[in-house]
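For reference, run.tsv (TSV, C-alpha atoms and all ligand atoms):
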chain	number	residue	atom	x	y	z
A	1	MET	CA	-4.34	-13.09	-13.88
A	2	ASP	CA	-2.56	-13.08	-10.53
A	3	PHE	CA	-5.03	-14.93	-8.31
A	4	THR	CA	-3.04	-14.05	-5.18
A	5	LEU	CA	-4.22	-10.45	-5.67
A	6	LEU	CA	-7.96	-11.10	-5.71
A	7	ALA	CA	-8.24	-10.32	-2.01
A	8	THR	CA	-6.25	-7.69	-0.21
A	9	SER	CA	-6.57	-5.43	2.79
A	10	TYR	CA	-5.53	-1.91	3.62
A	11	ASN	CA	-4.38	-0.31	6.83
A	12	LEU	CA	-5.04	3.41	7.12
A	13	ASP	CA	-2.89	3.77	10.24
A	14	LEU	CA	0.09	2.50	8.23
A	15	GLY	CA	-1.10	3.99	4.90
A	16	SER	CA	-0.44	0.62	3.29
A	17	ILE	CA	-2.31	-1.81	1.09
A	18	GLY	CA	-1.63	-5.54	0.60
A	19	GLN	CA	1.43	-6.24	-1.56
A	20	GLY	CA	0.98	-2.96	-3.43
A	21	GLN	CA	3.83	-1.56	-5.55
A	22	ARG	CA	4.69	1.68	-3.75
A	23	THR	CA	5.65	4.85	-5.61
A	24	GLU	CA	6.99	7.80	-3.57
A	25	ARG	CA	6.88	11.42	-4.70
A	26	TYR	CA	9.03	13.97	-2.89
A	27	LEU	CA	8.76	17.74	-3.13
A	28	SER	CA	11.72	17.78	-5.52
A	29	ASP	CA	9.73	15.57	-7.95
A	30	LEU	CA	7.05	18.27	-8.27
A	31	GLU	CA	8.95	21.17	-9.74
A	32	THR	CA	6.41	21.88	-12.51
A	33	CYS	CA	3.44	21.88	-10.11
A	34	PHE	CA	3.67	24.89	-7.76
A	35	TYR	CA	3.16	28.37	-9.18
A	36	ASP	CA	5.19	30.16	-6.46
A	37	LEU	CA	8.63	29.09	-7.61
A	38	SER	CA	10.57	31.10	-5.03
A	39	SER	CA	8.59	29.61	-2.11
A	40	TYR	CA	9.13	26.17	-3.68
A	41	GLN	CA	12.89	26.67	-3.96
A	42	GLN	CA	13.05	28.19	-0.48
A	43	HIS	CA	11.26	25.17	0.97
A	44	LEU	CA	13.64	22.78	-0.81
A	45	LEU	CA	16.67	24.52	0.69
A	46	HIS	CA	15.45	23.41	4.12
A	47	ALA	CA	13.79	20.07	3.44
A	48	ASN	CA	12.62	17.70	0.75
A	49	PRO	CA	9.55	16.11	2.37
A	50	LEU	CA	7.67	13.10	1.10
A	51	VAL	CA	4.50	14.62	-0.45
A	52	TYR	CA	2.60	11.46	-1.43
A	53	THR	CA	2.76	7.74	-2.00
A	54	VAL	CA	0.64	5.52	-4.24
A	55	SER	CA	0.50	1.77	-3.73
A	56	SER	CA	-1.05	-0.07	-6.67
A	57	ILE	CA	-2.68	-3.47	-6.98
A	58	GLU	CA	-2.66	-4.87	-10.52
A	59	PRO	CA	-4.25	-8.33	-10.61
A	60	GLY	CA	-4.64	-8.61	-14.40
A	61	GLN	CA	-3.68	-6.90	-17.65
A	62	GLY	CA	-6.64	-7.81	-19.87
A	63	ASP	CA	-8.86	-5.32	-21.70
A	64	GLY	CA	-11.61	-5.63	-19.10
A	65	ASP	CA	-9.38	-5.67	-16.02
A	66	LEU	CA	-9.26	-3.04	-13.30
A	67	HIS	CA	-6.35	-1.75	-11.26
A	68	TYR	CA	-6.57	0.24	-8.06
A	69	GLY	CA	-4.27	2.18	-5.82
A	70	LEU	CA	-4.18	3.60	-2.32
A	71	GLY	CA	-3.02	7.21	-2.31
A	72	VAL	CA	-1.59	8.87	0.81
A	73	LEU	CA	-1.12	12.62	0.33
A	74	TYR	CA	0.51	14.46	3.22
A	75	PRO	CA	-0.60	17.89	4.47
A	76	GLY	CA	1.48	20.95	3.67
A	77	LYS	CA	1.62	24.08	1.57
A	78	ILE	CA	4.00	25.96	-0.68
A	79	GLY	CA	3.03	29.58	-0.16
A	80	ASP	CA	-0.78	29.52	-0.32
A	81	GLU	CA	-0.94	26.39	-2.51
A	82	TYR	CA	-1.72	22.98	-1.02
A	83	PHE	CA	0.45	19.89	-1.35
A	84	MET	CA	-0.85	18.11	-4.44
A	85	THR	CA	-0.29	15.21	-6.80
A	86	LYS	CA	1.38	15.75	-10.17
A	87	GLY	CA	-1.92	15.10	-11.93
A	88	HIS	CA	-2.43	13.42	-15.29
A	89	TYR	CA	-4.65	12.44	-18.19
A	90	HIS	CA	-5.02	8.75	-18.77
A	91	ALA	CA	-2.86	7.70	-21.71
A	92	TRP	CA	-5.92	5.81	-22.96
A	93	ARG	CA	-8.16	8.89	-22.87
A	94	PRO	CA	-11.60	7.22	-22.59
A	95	ALA	CA	-10.60	5.66	-19.23
A	96	ALA	CA	-12.68	6.93	-16.32
A	97	GLU	CA	-11.74	6.48	-12.66
A	98	VAL	CA	-13.53	6.32	-9.31
A	99	TYR	CA	-11.87	7.93	-6.29
A	100	ILE	CA	-13.10	6.86	-2.85
A	101	GLY	CA	-12.11	9.11	0.04
A	102	LEU	CA	-11.12	7.19	3.18
A	103	ARG	CA	-9.47	9.58	5.59
A	104	GLY	CA	-8.58	13.25	5.84
A	105	GLN	CA	-9.71	16.28	3.89
A	106	GLY	CA	-8.95	17.22	0.30
A	107	MET	CA	-10.20	18.33	-3.08
A	108	MET	CA	-9.92	17.14	-6.66
A	109	LEU	CA	-9.39	19.38	-9.65
A	110	LEU	CA	-10.90	18.03	-12.89
A	111	GLU	CA	-10.36	19.69	-16.26
A	112	GLN	CA	-11.79	18.34	-19.48
A	113	GLU	CA	-9.34	18.21	-22.34
A	114	HIS	CA	-11.46	19.59	-25.17
A	115	SER	CA	-13.79	21.97	-23.35
A	116	ASP	CA	-13.57	24.66	-20.68
A	117	GLN	CA	-15.35	22.41	-18.19
A	118	VAL	CA	-13.62	22.51	-14.81
A	119	GLU	CA	-14.68	21.08	-11.43
A	120	LEU	CA	-13.29	21.44	-7.92
A	121	LEU	CA	-14.81	18.61	-5.86
A	122	PRO	CA	-14.38	17.50	-2.25
A	123	LEU	CA	-12.41	14.29	-1.73
A	124	GLY	CA	-12.11	13.27	1.89
A	125	ALA	CA	-13.51	10.67	4.24
A	126	GLY	CA	-17.08	10.08	3.04
A	127	ASN	CA	-16.65	11.49	-0.50
A	128	ILE	CA	-16.58	9.67	-3.83
A	129	VAL	CA	-15.50	11.40	-7.04
A	130	TYR	CA	-16.13	10.07	-10.54
A	131	VAL	CA	-13.49	11.21	-12.99
A	132	PRO	CA	-14.85	10.94	-16.55
A	133	GLY	CA	-12.60	9.99	-19.47
A	134	HIS	CA	-10.65	12.70	-21.30
A	135	THR	CA	-10.23	14.58	-18.01
A	136	ALA	CA	-7.05	15.75	-16.30
A	137	HIS	CA	-7.19	15.08	-12.56
A	138	ARG	CA	-5.16	16.22	-9.57
A	139	THR	CA	-5.67	15.75	-5.82
A	140	MET	CA	-4.90	18.31	-3.10
A	141	ASN	CA	-4.67	17.91	0.67
A	142	THR	CA	-6.57	20.84	2.21
A	143	GLY	CA	-6.52	19.52	5.76
A	144	SER	CA	-4.01	18.91	8.52
A	145	GLU	CA	-3.74	15.10	8.48
A	146	PRO	CA	-2.79	12.70	5.66
A	147	LEU	CA	-5.46	12.41	2.96
A	148	MET	CA	-6.10	8.79	1.99
A	149	TYR	CA	-8.12	7.53	-0.94
A	150	ILE	CA	-8.45	4.62	-3.31
A	151	GLY	CA	-8.61	5.16	-7.06
A	152	VAL	CA	-10.03	2.40	-9.31
A	153	TYR	CA	-9.32	2.57	-13.04
A	154	PRO	CA	-9.13	0.40	-16.16
A	155	ALA	CA	-5.91	-1.65	-16.30
A	156	LYS	CA	-5.14	-0.12	-19.69
A	157	ALA	CA	-5.65	3.51	-18.55
A	158	GLY	CA	-1.96	4.39	-18.20
A	159	HIS	CA	-0.68	7.83	-17.18
A	160	ASP	CA	0.02	10.79	-19.44
A	161	TYR	CA	1.94	13.39	-17.41
A	162	GLN	CA	3.63	14.89	-20.45
A	163	SER	CA	0.58	16.65	-21.90
A	164	LEU	CA	0.24	18.66	-18.66
A	165	ALA	CA	3.91	19.40	-18.10
A	166	LYS	CA	3.73	22.79	-19.81
A	167	THR	CA	0.26	24.09	-18.88
A	168	ASN	CA	0.23	22.54	-15.39
A	169	PHE	CA	-3.61	22.58	-15.55
A	170	ARG	CA	-5.56	25.71	-16.52
A	171	HIS	CA	-6.38	26.47	-12.88
A	172	LYS	CA	-4.63	26.51	-9.55
A	173	VAL	CA	-6.17	25.90	-6.13
A	174	VAL	CA	-5.01	28.20	-3.34
A	175	GLU	CA	-6.08	28.95	0.21
A	176	ARG	CA	-8.09	32.18	0.47
A	177	ASP	CA	-9.72	33.14	3.79
A	178	GLY	CA	-8.97	29.62	5.00
A	179	LYS	CA	-10.82	27.97	2.10
A	180	PRO	CA	-9.68	26.17	-1.06
A	181	THR	CA	-10.31	28.54	-3.96
A	182	LEU	CA	-10.14	27.90	-7.69
A	183	ILE	CA	-8.23	30.50	-9.71
A	184	LYS	CA	-7.74	30.55	-13.49
A	185	ARG	CA	-4.10	30.88	-14.44
A	186	SER	CA	-3.26	34.09	-16.23
A	201	LIG	C1	-4.18	7.71	-9.01
A	201	LIG	C2	-2.95	8.63	-9.06
A	201	LIG	C3	-2.45	9.07	-7.70
A	201	LIG	C4	-1.15	9.91	-7.83
A	201	LIG	O1	-3.84	6.44	-8.59
A	201	LIG	O2	-1.94	7.99	-9.79
A	201	LIG	O3	-3.42	9.86	-7.08
A	201	LIG	O4	-1.29	10.96	-8.73
A	201	LIG	P1	-0.32	11.13	-9.96
A	201	LIG	O5	-0.35	9.83	-10.74
A	201	LIG	O6	-0.90	12.25	-10.75
A	201	LIG	O7	1.05	11.40	-9.45
A	201	LIG	C5	-4.76	7.73	-10.43
A	201	LIG	O8	-5.40	8.68	-10.80
A	201	LIG	N1	-4.51	6.71	-11.26
A	201	LIG	O9	-4.97	6.69	-12.53
A	202	ZN	ZN	-5.90	8.59	-12.94
Written as structure tokens, that's how I'd like the structure from this file.
Ligand code: PAN
Ligand code: ZN
Amino acid sequence: MDFTLLATSYNLDLGSIGQGQRTERYLSDLETCFYDLSSYQQHLLHANPLVYTVSSIEPGQGDGDLHYGLGVLYPGKIGDEYFMTKGHYHAWRPAAEVYIGLRGQGMMLLEQEHSDQVELLPLGAGNIVYVPGHTAHRTMNTGSEPLMYIGVYPAKAGHDYQSLAKTNFRHKVVERDGKPTLIKRS
């Protein structure tokens, strides 16, 4: 256990948390995510913006330990599809996660692995989303300022991006009449 990590603080103006390990994802890292490939490639010809960062705090590695991370997801769109995270299952499938919205406006897409169950839930300042185990989850920024949230998950959850690489979720979330709309992929 790293006792120096028992207390930390976050700063939403800086989008930073304590001594968190920061991961950066640029548009070019998200090539399997956006359905409108020509808009995606067009966008990349002009710029490769930072789409999101995650800064993680990992005090312990035991079976009962928890990790948490501050996510900062920037606003933007590729065609009619919002800037989003890659999305993943937890490698240890039973692991659930709690997302606490701190600033901005967004949504979460949840898809259960072995059923057709799908949820599109608000995640912004004032929202909390519980992600059950065995559920793929992705976050989208549907607003015009950075979306900031904290996710808390079992230390042994891990990330499985591979299982989603081909299907890229069964649904996409696009803007229709100014609103986030869930559409089943054909
Ligand atoms: C979050 C995510 C974060 C970034 O901390 O890791 O939102 O999304 P991707 O990992 O899909 O790029 C979490 O769900 N951890 O388990
Ligand atoms: Zn997760």
Test item: residues lying within 10 Å of ligand LIG 201 (chain A) with all atoms listed in the file, as a ChimeraX atom specification: /A:23-25,29-30,52-56,67-73,84-91,95-99,108,131,136-140,148-161
Using all atoms listed in the file, the best pick from A:Thr4, A:Thr135, A:Thr32, A:Gln19 as closest to ligand ZN 202 (chain A) would be A:Thr135
Could you jot down the atom CA of Val129 of chain A to atom CA of Leu164 of chain A separation for me, Å, one decimal place?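 Value for the atom CA of Val129 of chain A-atom CA of Leu164 of chain A distance: 20.9 Å.
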As an exercise, work out the distance from atom CA of Leu12 of chain A to atom CA of Pro146 of chain A in Å and give it to one decimal place.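 Spanning atom CA of Leu12 of chain A to atom CA of Pro146 of chain A is a straight-line distance of 9.7 Å.
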Mind giving me the straight-line distance from atom CA of Leu102 of chain A to atom CA of Leu6 of chain A in Å, one decimal?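 Separating atom CA of Leu102 of chain A from atom CA of Leu6 of chain A is a distance of 20.6 Å.
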